[in-house]
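Undergrad: File name run_33.txt; file contents compact mmCIF, C-alpha atoms; full text below.
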```txt
# COMPACT_ATOMS: atom_id res chain seq x y z
CA MET A 1 193.84 145.78 64.46
CA THR A 2 191.90 149.02 64.49
CA ALA A 3 193.86 152.18 63.84
CA PRO A 4 191.34 154.99 64.14
CA GLU A 5 191.75 158.04 62.00
CA PRO A 6 191.02 161.47 63.45
CA ASP A 7 187.28 161.92 63.75
CA GLY A 8 185.61 162.30 60.39
CA THR A 9 188.59 161.49 58.18
CA PRO A 10 187.93 158.48 55.98
CA PRO A 11 190.73 155.90 55.83
CA PRO A 12 192.66 155.69 52.55
CA ASP A 13 191.49 153.37 49.81
CA PRO A 14 193.00 149.89 49.91
CA GLU A 15 196.33 149.38 48.17
CA PRO A 16 195.27 148.56 44.60
CA PHE A 17 195.90 144.97 43.51
CA PRO A 18 197.45 144.51 40.09
CA PRO A 19 194.87 143.60 37.44
CA PHE A 20 194.59 140.00 36.31
CA GLU A 21 196.30 139.27 33.04
CA VAL A 22 193.68 138.23 30.47
CA ALA A 23 194.98 135.34 28.37
CA ARG A 24 192.05 135.59 25.97
CA SER A 25 188.59 137.06 25.80
CA GLU A 26 185.61 135.53 24.05
CA ARG A 27 182.67 137.58 22.85
CA ILE A 28 179.52 135.63 23.75
CA TYR A 29 176.92 138.23 22.85
CA ALA A 30 176.67 141.81 21.68
CA SER A 31 173.62 144.03 21.29
CA ASP A 32 172.62 147.63 21.86
CA TRP A 33 171.06 146.63 25.17
CA CYS A 34 173.74 144.41 26.74
CA GLY A 35 176.86 142.45 25.97
CA LEU A 36 178.44 139.37 27.47
CA ARG A 37 182.05 138.24 27.28
CA ARG A 38 184.13 135.54 28.87
CA ASP A 39 187.65 136.50 29.91
CA MET A 40 190.20 133.81 30.70
CA ILE A 41 192.21 135.33 33.54
CA VAL A 42 195.65 134.13 34.60
CA LEU A 43 195.80 133.07 38.26
CA ALA A 44 198.86 133.32 40.52
CA ASP A 45 199.90 129.74 39.69
CA GLY A 46 199.67 130.39 35.96
CA SER A 47 196.46 128.44 35.44
CA LEU A 48 193.47 129.99 33.70
CA GLN A 49 190.03 130.66 35.12
CA GLU A 50 186.99 131.95 33.28
CA HIS A 51 185.45 135.22 34.39
CA HIS A 52 182.20 136.35 32.80
CA VAL A 53 181.63 140.07 32.33
CA ILE A 54 178.24 141.59 31.55
CA GLU A 55 178.42 144.83 29.61
CA LEU A 56 175.76 147.47 30.22
CA ASP A 57 175.73 151.21 29.59
CA ASP A 58 176.07 153.31 32.71
CA ALA A 59 172.92 154.50 34.39
CA VAL A 60 171.41 157.31 36.44
CA VAL A 61 168.96 157.46 39.32
CA VAL A 62 167.29 160.57 40.73
CA VAL A 63 165.64 161.40 44.06
CA PRO A 64 163.04 163.98 42.95
CA VAL A 65 162.29 166.36 45.81
CA ILE A 66 159.51 168.95 45.70
CA ALA A 67 159.95 172.32 47.45
CA ASP A 68 157.90 171.16 50.48
CA GLY A 69 160.21 168.14 50.93
CA SER A 70 157.87 165.53 49.49
CA ILE A 71 159.32 162.98 47.06
CA VAL A 72 158.11 161.80 43.66
CA MET A 73 158.17 158.02 43.28
CA ILE A 74 157.13 155.68 40.52
CA GLY A 75 155.33 152.39 41.01
CA GLN A 76 157.00 150.33 38.33
CA HIS A 77 156.39 146.88 36.94
CA ARG A 78 159.54 144.92 36.16
CA HIS A 79 159.38 142.17 33.61
CA THR A 80 162.44 140.49 35.15
CA HIS A 81 160.72 139.44 38.38
CA GLY A 82 157.12 140.28 37.50
CA LYS A 83 156.50 142.50 40.51
CA THR A 84 155.53 146.17 40.90
CA HIS A 85 157.40 148.21 43.54
CA TRP A 86 157.90 151.84 44.49
CA GLU A 87 161.10 153.05 42.83
CA LEU A 88 162.71 156.26 41.65
CA PRO A 89 163.19 157.50 38.09
CA ALA A 90 166.26 155.80 36.65
CA GLY A 91 167.63 154.53 33.38
CA ARG A 92 170.56 154.11 31.06
CA LEU A 93 172.60 156.98 29.71
CA LEU A 94 172.35 157.57 25.99
CA GLU A 95 175.55 157.46 23.98
CA GLY A 96 177.69 160.48 24.82
CA GLU A 97 175.13 161.84 27.29
CA ALA A 98 176.44 163.54 30.44
CA PRO A 99 175.13 161.95 33.65
CA GLU A 100 173.36 165.13 34.73
CA ASP A 101 171.59 165.42 31.36
CA GLY A 102 170.55 161.77 31.56
CA ALA A 103 169.19 162.31 35.05
CA ALA A 104 167.12 165.31 33.92
CA ARG A 105 165.85 163.35 30.90
CA GLU A 106 164.83 160.25 32.86
CA LEU A 107 163.19 162.40 35.53
CA LEU A 108 161.09 164.21 32.93
CA GLU A 109 160.28 161.11 30.83
CA GLU A 110 159.28 158.92 33.76
CA THR A 111 157.54 161.43 36.04
CA GLY A 112 156.81 164.60 34.05
CA TYR A 113 158.78 166.61 36.64
CA ARG A 114 161.72 168.93 36.12
CA ALA A 115 164.26 169.78 38.86
CA ARG A 116 165.51 173.30 39.36
CA ARG A 117 168.79 171.89 40.57
CA LEU A 118 170.44 168.45 40.30
CA VAL A 119 172.91 167.73 43.09
CA PRO A 120 175.21 164.69 42.80
CA LEU A 121 174.98 161.91 45.36
CA PRO A 122 177.63 159.19 45.55
CA GLY A 123 177.58 156.83 42.57
CA PHE A 124 177.96 153.09 42.81
CA TYR A 125 178.62 149.80 41.00
CA PRO A 126 175.38 147.83 41.45
CA THR A 127 176.95 144.42 40.67
CA ASN A 128 180.71 144.79 40.31
CA GLY A 129 181.38 141.08 40.68
CA ILE A 130 180.09 140.61 37.15
CA SER A 131 179.83 144.03 35.52
CA ALA A 132 181.53 147.42 35.37
CA HIS A 133 178.03 148.92 35.06
CA TYR A 134 178.02 152.17 37.08
CA ALA A 135 175.14 154.22 38.42
CA HIS A 136 175.35 158.01 38.82
CA ALA A 137 172.98 159.22 41.54
CA PHE A 138 171.46 162.67 41.95
CA CYS A 139 168.88 164.41 43.97
CA GLY A 140 166.66 166.76 42.05
CA LEU A 141 165.74 169.77 44.16
CA GLU A 142 162.69 172.03 43.81
CA CYS A 143 161.03 169.68 41.33
CA GLU A 144 157.99 171.02 39.51
CA PRO A 145 155.49 169.43 37.14
CA ALA A 146 156.51 170.13 33.54
CA GLY A 147 154.30 167.80 31.51
CA GLU A 148 153.05 164.27 31.30
CA PRO A 149 155.37 161.25 31.55
CA ASP A 150 156.61 160.13 28.12
CA LEU A 151 156.93 156.38 28.52
CA ASP A 152 158.47 153.72 26.40
CA PRO A 153 155.76 151.20 25.39
CA ALA A 154 157.49 148.58 27.59
CA GLU A 155 157.36 150.78 30.70
CA ARG A 156 154.41 150.19 33.02
CA LEU A 157 154.43 152.68 35.85
CA VAL A 158 152.39 155.14 37.91
CA VAL A 159 153.69 158.41 39.38
CA ARG A 160 152.90 159.37 42.96
CA VAL A 161 154.07 162.02 45.39
CA PHE A 162 154.68 160.91 48.96
CA THR A 163 155.60 162.86 52.04
CA GLU A 164 159.18 162.38 53.11
CA ARG A 165 157.92 160.55 56.20
CA GLU A 166 156.02 158.08 54.03
CA VAL A 167 159.09 157.38 51.91
CA GLU A 168 161.18 156.88 55.04
CA ALA A 169 158.57 154.43 56.31
CA LEU A 170 158.68 152.53 52.99
CA VAL A 171 162.48 152.29 53.09
CA ASP A 172 162.60 151.34 56.76
CA ALA A 173 160.02 148.63 56.14
CA GLY A 174 162.30 147.21 53.43
CA ARG A 175 159.63 147.79 50.79
CA VAL A 176 161.81 149.77 48.37
CA ARG A 177 163.20 146.61 46.82
CA ASP A 178 164.95 148.33 43.91
CA GLY A 179 168.58 148.77 44.97
CA PHE A 180 169.10 151.95 42.94
CA ALA A 181 166.16 153.66 44.65
CA ALA A 182 166.92 152.48 48.19
CA LEU A 183 170.57 153.48 47.98
CA ALA A 184 169.92 156.91 46.42
CA LEU A 185 167.28 157.69 49.07
CA LEU A 186 169.54 156.64 51.92
CA TYR A 187 172.38 158.77 50.56
CA TYR A 188 169.98 161.68 50.20
CA TRP A 189 168.99 161.44 53.85
CA ARG A 190 172.61 161.23 54.99
CA ARG A 191 173.65 164.23 52.93
CA ARG A 192 170.48 166.24 52.75
CA PRO A 193 171.90 168.90 50.46
CA GLY A 194 170.03 172.13 50.29
CA MET B 195 148.58 164.82 45.22
CA THR B 196 150.05 163.88 48.57
CA ALA B 197 147.82 161.83 50.86
CA PRO B 198 149.84 161.41 54.02
CA GLU B 199 149.48 158.22 55.99
CA PRO B 200 149.48 158.34 59.78
CA ASP B 201 152.99 158.98 61.00
CA GLY B 202 155.23 155.97 60.50
CA THR B 203 152.83 153.88 58.44
CA PRO B 204 154.28 153.07 55.02
CA PRO B 205 151.90 153.55 52.10
CA PRO B 206 150.63 150.40 50.40
CA ASP B 207 152.59 148.91 47.51
CA PRO B 208 151.53 150.12 44.08
CA GLU B 209 148.67 148.31 42.40
CA PRO B 210 150.47 145.48 40.58
CA PHE B 211 150.50 145.75 36.81
CA PRO B 212 149.67 142.59 34.88
CA PRO B 213 152.79 140.84 33.58
CA PHE B 214 153.74 141.19 29.94
CA GLU B 215 152.76 138.25 27.80
CA VAL B 216 155.90 136.60 26.43
CA ALA B 217 155.38 135.61 22.80
CA ARG B 218 158.64 133.66 22.74
CA SER B 219 161.88 133.39 24.64
CA GLU B 220 165.30 132.75 23.15
CA ARG B 221 168.13 131.24 25.16
CA ILE B 222 171.27 133.19 24.27
CA TYR B 223 173.64 131.71 26.84
CA ALA B 224 173.66 129.31 29.76
CA SER B 225 176.42 128.51 32.22
CA ASP B 226 176.85 127.80 35.93
CA TRP B 227 177.88 131.42 36.43
CA CYS B 228 175.26 133.34 34.46
CA GLY B 229 172.60 132.98 31.82
CA LEU B 230 171.17 135.33 29.24
CA ARG B 231 167.84 135.13 27.46
CA ARG B 232 165.84 137.35 25.16
CA ASP B 233 162.10 137.49 25.75
CA MET B 234 159.84 138.93 23.10
CA ILE B 235 157.13 140.70 25.11
CA VAL B 236 153.73 141.70 23.74
CA LEU B 237 153.04 145.43 24.03
CA ALA B 238 149.61 147.02 24.48
CA ASP B 239 149.19 147.49 20.71
CA GLY B 240 150.02 143.83 20.05
CA SER B 241 153.50 144.50 18.68
CA LEU B 242 156.54 142.69 20.03
CA GLN B 243 159.56 144.19 21.78
CA GLU B 244 162.70 142.39 22.87
CA HIS B 245 163.58 142.38 26.57
CA HIS B 246 166.92 140.89 27.64
CA VAL B 247 167.08 139.13 30.99
CA ILE B 248 170.34 138.26 32.74
CA GLU B 249 170.12 135.22 34.99
CA LEU B 250 172.27 135.13 38.13
CA ASP B 251 171.95 133.14 41.33
CA ASP B 252 170.78 135.17 44.29
CA ALA B 253 173.40 136.66 46.57
CA VAL B 254 174.15 137.67 50.15
CA VAL B 255 175.97 140.56 51.75
CA VAL B 256 176.94 140.89 55.42
CA VAL B 257 177.83 143.86 57.66
CA PRO B 258 180.25 142.16 60.10
CA VAL B 259 180.15 144.00 63.44
CA ILE B 260 182.56 143.26 66.30
CA ALA B 261 181.37 143.54 69.92
CA ASP B 262 182.97 147.00 70.29
CA GLY B 263 181.01 148.27 67.27
CA SER B 264 183.89 148.23 64.80
CA ILE B 265 183.24 146.80 61.34
CA VAL B 266 185.20 144.26 59.28
CA MET B 267 185.68 145.34 55.66
CA ILE B 268 187.51 143.83 52.71
CA GLY B 269 189.60 145.73 50.21
CA GLN B 270 188.71 143.84 47.07
CA HIS B 271 189.99 143.95 43.51
CA ARG B 272 187.30 143.58 40.87
CA HIS B 273 188.27 142.30 37.47
CA THR B 274 185.21 143.96 35.91
CA HIS B 275 186.42 147.53 36.40
CA GLY B 276 189.99 146.86 37.52
CA LYS B 277 189.77 148.86 40.75
CA THR B 278 190.17 147.96 44.42
CA HIS B 279 187.62 149.37 46.88
CA TRP B 280 186.50 148.82 50.46
CA GLU B 281 183.54 146.44 50.38
CA LEU B 282 181.77 143.94 52.62
CA PRO B 283 181.82 140.15 52.42
CA ALA B 284 179.31 139.06 49.79
CA GLY B 285 178.76 136.38 47.22
CA ARG B 286 176.36 134.05 45.48
CA LEU B 287 174.26 131.47 47.25
CA LEU B 288 175.14 127.88 46.54
CA GLU B 289 172.40 125.65 45.14
CA GLY B 290 169.78 125.01 47.83
CA GLU B 291 171.65 127.09 50.40
CA ALA B 292 169.56 129.18 52.83
CA PRO B 293 170.46 132.89 52.73
CA GLU B 294 171.59 132.90 56.38
CA ASP B 295 173.89 129.92 55.76
CA GLY B 296 175.33 131.61 52.69
CA ALA B 297 175.94 134.78 54.67
CA ALA B 298 177.78 132.87 57.40
CA ARG B 299 179.82 131.01 54.76
CA GLU B 300 180.83 134.11 52.80
CA LEU B 301 181.68 135.95 56.01
CA LEU B 302 183.98 133.14 57.15
CA GLU B 303 185.54 132.49 53.72
CA GLU B 304 186.25 136.13 52.92
CA THR B 305 187.21 137.49 56.35
CA GLY B 306 187.89 134.56 58.71
CA TYR B 307 185.26 135.93 61.10
CA ARG B 308 182.19 134.22 62.49
CA ALA B 309 179.10 136.07 63.79
CA ARG B 310 177.33 135.05 66.96
CA ARG B 311 174.09 136.29 65.46
CA LEU B 312 172.97 137.13 61.93
CA VAL B 313 170.13 139.65 61.79
CA PRO B 314 168.33 140.24 58.47
CA LEU B 315 168.42 143.67 56.86
CA PRO B 316 166.16 144.54 53.93
CA GLY B 317 167.05 142.71 50.74
CA PHE B 318 167.09 144.29 47.30
CA TYR B 319 167.21 143.78 43.54
CA PRO B 320 170.54 145.35 42.47
CA THR B 321 169.56 145.71 38.78
CA ASN B 322 165.92 144.79 38.30
CA GLY B 323 165.68 146.44 34.93
CA ILE B 324 167.62 143.53 33.47
CA SER B 325 167.76 140.78 36.08
CA ALA B 326 165.70 139.14 38.82
CA HIS B 327 168.98 138.71 40.74
CA TYR B 328 168.21 139.35 44.43
CA ALA B 329 170.53 140.17 47.33
CA HIS B 330 169.77 139.09 50.89
CA ALA B 331 171.43 141.42 53.41
CA PHE B 332 172.39 140.70 57.00
CA CYS B 333 174.33 142.21 59.80
CA GLY B 334 176.54 139.84 61.69
CA LEU B 335 176.67 140.76 65.36
CA GLU B 336 179.43 139.95 67.87
CA CYS B 337 181.80 138.78 65.15
CA GLU B 338 184.93 136.98 66.30
CA PRO B 339 188.00 135.73 64.46
CA ALA B 340 187.59 132.03 63.65
CA GLY B 341 190.41 131.34 61.20
CA GLU B 342 192.10 132.64 58.11
CA PRO B 343 190.17 133.71 54.99
CA ASP B 344 189.73 130.83 52.54
CA LEU B 345 189.82 132.56 49.18
CA ASP B 346 189.04 131.43 45.70
CA PRO B 347 192.18 131.80 43.52
CA ALA B 348 190.44 134.59 41.58
CA GLU B 349 189.71 136.61 44.73
CA ARG B 350 192.21 139.34 45.55
CA LEU B 351 191.37 141.00 48.83
CA VAL B 352 192.67 142.22 52.18
CA VAL B 353 190.74 142.18 55.45
CA ARG B 354 190.71 145.18 57.75
CA VAL B 355 188.80 146.29 60.83
CA PHE B 356 187.67 149.91 60.95
CA THR B 357 185.97 151.88 63.67
CA GLU B 358 182.34 152.57 62.94
CA ARG B 359 183.22 156.26 62.58
CA GLU B 360 185.79 155.44 59.91
CA VAL B 361 183.27 153.39 57.94
CA GLU B 362 180.72 156.18 58.20
CA ALA B 363 183.33 158.60 56.88
CA LEU B 364 184.08 156.25 53.95
CA VAL B 365 180.39 155.96 53.06
CA ASP B 366 179.71 159.67 53.46
CA ALA B 367 182.69 160.44 51.22
CA GLY B 368 181.13 158.20 48.54
CA ARG B 369 184.15 155.90 48.65
CA VAL B 370 182.23 152.65 49.20
CA ARG B 371 181.56 152.25 45.51
CA ASP B 372 180.18 148.72 45.73
CA GLY B 373 176.40 149.08 45.84
CA PHE B 374 175.86 145.94 47.95
CA ALA B 375 178.20 147.23 50.65
CA ALA B 376 176.95 150.83 50.69
CA LEU B 377 173.30 149.79 50.85
CA ALA B 378 173.80 147.16 53.57
CA LEU B 379 175.78 149.63 55.70
CA LEU B 380 173.17 152.37 55.33
CA TYR B 381 170.40 149.93 56.28
CA TYR B 382 172.45 148.81 59.26
CA TRP B 383 172.76 152.38 60.49
CA ARG B 384 169.04 153.05 60.06
CA ARG B 385 168.03 149.89 61.88
CA ARG B 386 170.94 149.35 64.24
CA PRO B 387 169.63 146.07 65.61
CA GLY B 388 171.09 144.85 68.81
```
Could you show the structure in this file as C-alpha cells?

TA:
Amino acid sequence: MTAPEPDGTPPPDPEPFPPFEVARSERIYASDWCGLRRDMIVLADGSLQEHHVIELDDAVVVVPVIADGSIVMIGQHRHTHGKTHWELPAGRLLEGEAPEDGAARELLEETGYRARRLVPLPGFYPTNGISAHYAHAFCGLECEPAGEPDLDPAERLVVRVFTEREVEALVDAGRVRDGFAALALLYYWRRRPG
Amino acid sequence: MTAPEPDGTPPPDPEPFPPFEVARSERIYASDWCGLRRDMIVLADGSLQEHHVIELDDAVVVVPVIADGSIVMIGQHRHTHGKTHWELPAGRLLEGEAPEDGAARELLEETGYRARRLVPLPGFYPTNGISAHYAHAFCGLECEPAGEPDLDPAERLVVRVFTEREVEALVDAGRVRDGFAALALLYYWRRRPG
C-alpha cells in the first residue's frame, strides 16, 4: 500500500471530496464572540443529517523567543476548565487585522514583549470537526521587554521567562495542556528558524 | 528573570488563580452534539462580564503505526471549511467510554486497522479559551488491518498508508492542517514509545 515519495517530498494532498449540499441552515446564535448554526446536509442517499458549526474569529499564537534562546510563557487561568497552565500569548484577530499584526498585538498585550521579527509557523484548524476556526502561528524572534502587559479584566495571567530546556521539559512532560501552545512550540523546534 | 531548573526537570505549574465567581449562567443551546452557555463572571471591581462556553464531549486522536514504522492517515473532507486534508483517526468519546476504548473504536471505524498496543501521548485542550473540550491522544503500535472502515454517512474519507518520512514531510510542510493530527504526530516523534 505504501508508495514512498523521494526522500523529503511530501505526498500530494488527498483528492478533494465534493462539498455536502446544504438543504437549509438554521441560525441558532449570533454574537460578537461566537456564533452557532445548524446546517442540514444532504447525504449520498438523499436523506438529511444535521451538522452543527461553531463560528469563531480566526486566532493567532506566538512563540516569543529572547535573543539568548529563552522563551516567554504565560501562566493563564481559563474559566472554561478552571485550571491555570503554562501557555503562550494567543488570541483572536480583530476585524480586518492581518495575522502578523494580531500576533504582535497579543504578544505585547499579554507579555509586554515586542519581537524584532515574526516568522510564520504552520497554521492549523484546532477543531475542524465543528468549526472553521483557524489559528495562525508565529515565532517571535529577538523579543525584548517593551512595557507592562495590558490585560483585559477577564484575563488572569502571570508572565515568566523559561530557558528553552525548561520549556522542552514542560512539553515533554505533557504539562503544556493548551493545544495552541504545545503545537506552536513543537513546530518551532522542528523548524527552528533563525 | 530566568531561574533554570536542573537539566530535564520541568518547572512547577503556575500558581493557580482563584476561579471567577459566576453571578449567573444562561443556557443558550443544548443538544447531543454541542451545547452553548453564557456565564456572567464577576471581575475584580465587582462588575460583570459575559464569557461564552462551548460544551463538547471529550475526544480522542490516534497515531496508527504499522510494525514497519509506516503510518495510517485519512484524507478527510470537513464540512466546516469545505477542504480535504490528511488527518489521523479521531472523534468524540461515547457516553461513559474510556479514552483508550474510544481510541480503539475510532481507529477501527475510520481506518479498518486495529492496534496491538495503545500508548498514551500527552492530551490537550484544543480551544480552552472557549471550551473545556479535551482531547486524549494515543499512538497505536503494531497496527494491522482488521476489516473495512465503518463510516458514518456524513464522513467522507480515504485511508492511506504513508512511510514515516512522508508523514514527516507533510507535517514539516505545514500540510497537516488539522490541529489534533499535527499535535499527536509531533508528540509521537518526541516520545517515540516502543

Undergrad: Pick from B:Lys277, B:Arg386, B:Arg232, B:Arg310: nearest to chain A, with all atoms listed in the file counted?

TA: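 When distances to chain A are compared using all atoms listed in the file, the smallest one comes from B:Lys277.
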
Undergrad: Where does chain A meet chain B within 7 Å, residue by residue, with the nearest atom pair and distance in Å to one decimal for each, counting only C-alpha atoms, listed by chain and rising number, as CSV?

TA:
```
residue,atom,partner,partner_atom,distance
A:Met1,CA,B:Val355,CA,6.2
A:Thr2,CA,B:Val355,CA,5.5
A:Pro4,CA,B:Thr357,CA,6.2
A:Glu5,CA,B:Glu360,CA,6.8
A:Gly8,CA,B:Ala363,CA,5.6
A:Thr9,CA,B:Ala363,CA,6.1
A:Pro10,CA,B:Ala363,CA,4.7
A:Pro11,CA,B:Glu360,CA,6.4
A:Asp13,CA,B:His279,CA,6.3
A:Pro14,CA,B:Gly269,CA,5.4
A:Pro16,CA,B:Thr278,CA,5.1
A:Phe17,CA,B:His271,CA,6.0
A:Pro19,CA,B:Gly276,CA,5.9
A:Phe20,CA,B:His273,CA,6.8
A:Leu43,CA,B:Ala348,CA,6.5
A:Val53,CA,B:Thr274,CA,6.4
A:Gly75,CA,B:Pro208,CA,5.4
A:His77,CA,B:Phe211,CA,6.0
A:Arg78,CA,B:Gly323,CA,6.4
A:His79,CA,B:Pro213,CA,6.7
A:Thr80,CA,B:Ala326,CA,5.1
A:His81,CA,B:Ala326,CA,5.0
A:Gly82,CA,B:Pro213,CA,5.9
A:Lys83,CA,B:Pro210,CA,6.7
A:Thr84,CA,B:Pro210,CA,5.1
A:His85,CA,B:Pro208,CA,6.2
A:Trp86,CA,B:Pro208,CA,6.6
A:Pro122,CA,B:Gly368,CA,4.7
A:Gly123,CA,B:Arg371,CA,6.7
A:Phe124,CA,B:Arg371,CA,4.6
A:Tyr125,CA,B:Asp372,CA,5.1
A:Pro126,CA,B:Gly373,CA,4.7
A:Thr127,CA,B:Pro320,CA,6.7
A:Asn128,CA,B:Thr274,CA,6.3
A:Gly129,CA,B:Arg272,CA,6.4
A:Ile130,CA,B:Thr274,CA,6.2
A:Ser131,CA,B:Thr274,CA,5.4
A:Ala132,CA,B:His275,CA,5.0
A:Pro153,CA,B:Leu237,CA,6.5
A:Ala154,CA,B:Leu237,CA,6.5
A:Val161,CA,B:Thr196,CA,5.5
A:Phe162,CA,B:Thr196,CA,5.5
A:Thr163,CA,B:Pro198,CA,6.3
A:Arg165,CA,B:Gly202,CA,6.8
A:Glu166,CA,B:Pro204,CA,5.4
A:Ala169,CA,B:Pro204,CA,4.7
A:Leu170,CA,B:Pro204,CA,4.9
A:Gly174,CA,B:Pro316,CA,4.7
A:Arg177,CA,B:Phe318,CA,4.6
A:Asp178,CA,B:Tyr319,CA,5.1
A:Gly179,CA,B:Pro320,CA,4.7
A:Phe180,CA,B:Pro320,CA,6.8
A:Leu183,CA,B:Leu377,CA,5.4
A:Leu186,CA,B:Leu380,CA,6.6
```

Undergrad: Padding of 4 Å on every side, edges along x, y and z, all listed atoms of stretch 84-89 of chain A included: what centre and edge lengths in Å, to one decimal, does that box have, as JSON?

TA:
```
{"center_x": 159.4, "center_y": 151.8, "center_z": 41.3, "size_x": 15.7, "size_y": 19.3, "size_z": 14.4}
```

Undergrad: Can you measure atom CA of B:Glu281 to atom CA of B:Ala253 for me? One decimal in Å is fine.

TA: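 A separation of 14.6 Å between them.
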
Undergrad: List the neighbours of B:Glu303 out to 10 Å using all atoms listed in the file; skip same-chain residues closer than 6 positions along the sequence, and give me the result as a PDB file with C-alpha atoms, in the coordinates of the input.

TA:
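Once everything was written out, this is around_9.pdb:
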```pdb
ATOM      1  CA  PRO B 283     181.820 140.150  52.420  1.00  0.00           C
ATOM      2  CA  ALA B 284     179.310 139.060  49.790  1.00  0.00           C
ATOM      3  CA  ALA B 297     175.940 134.780  54.670  1.00  0.00           C
ATOM      4  CA  GLY B 341     190.410 131.340  61.200  1.00  0.00           C
ATOM      5  CA  GLU B 342     192.100 132.640  58.110  1.00  0.00           C
ATOM      6  CA  PRO B 343     190.170 133.710  54.990  1.00  0.00           C
ATOM      7  CA  ASP B 344     189.730 130.830  52.540  1.00  0.00           C
ATOM      8  CA  LEU B 345     189.820 132.560  49.180  1.00  0.00           C
ATOM      9  CA  ASP B 346     189.040 131.430  45.700  1.00  0.00           C
TER      10      ASP B 346
END
```

Undergrad: Could you check which of A:Leu88, A:Leu141, A:Leu94, A:Ala104 is closest to A:Ala67, using all atoms listed in the file?

TA: A:Leu141

Undergrad: Tell me, in Å to one decimal, how far atom CA of A:Ser25 is from atom CA of B:Val254.

TA: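 About the pair atom CA of A:Ser25 and atom CA of B:Val254: they are 28.3 Å apart.
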
Undergrad: Work out how far apart atom CA of B:Val257 and atom CA of A:Val61 are and give it in Å to one decimal.

TA: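 Rounded to one decimal, the two atoms are 24.5 Å apart.
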
Undergrad: Which of these, A:Val119, A:Leu108, A:Ala137, A:Cys143, has the shortest distance to A:Ile66 once you count all atoms listed in the file?

TA: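 The closest residue to A:Ile66 is A:Cys143.
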
Undergrad: So which one's closest to A:Arg114, A:Asp58, A:Glu144, A:Glu97, A:Asp32? Using all atoms listed in the file, please.

TA: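 Comparing A:Asp58, A:Glu144, A:Glu97, A:Asp32 against A:Arg114, the winner is A:Glu144.
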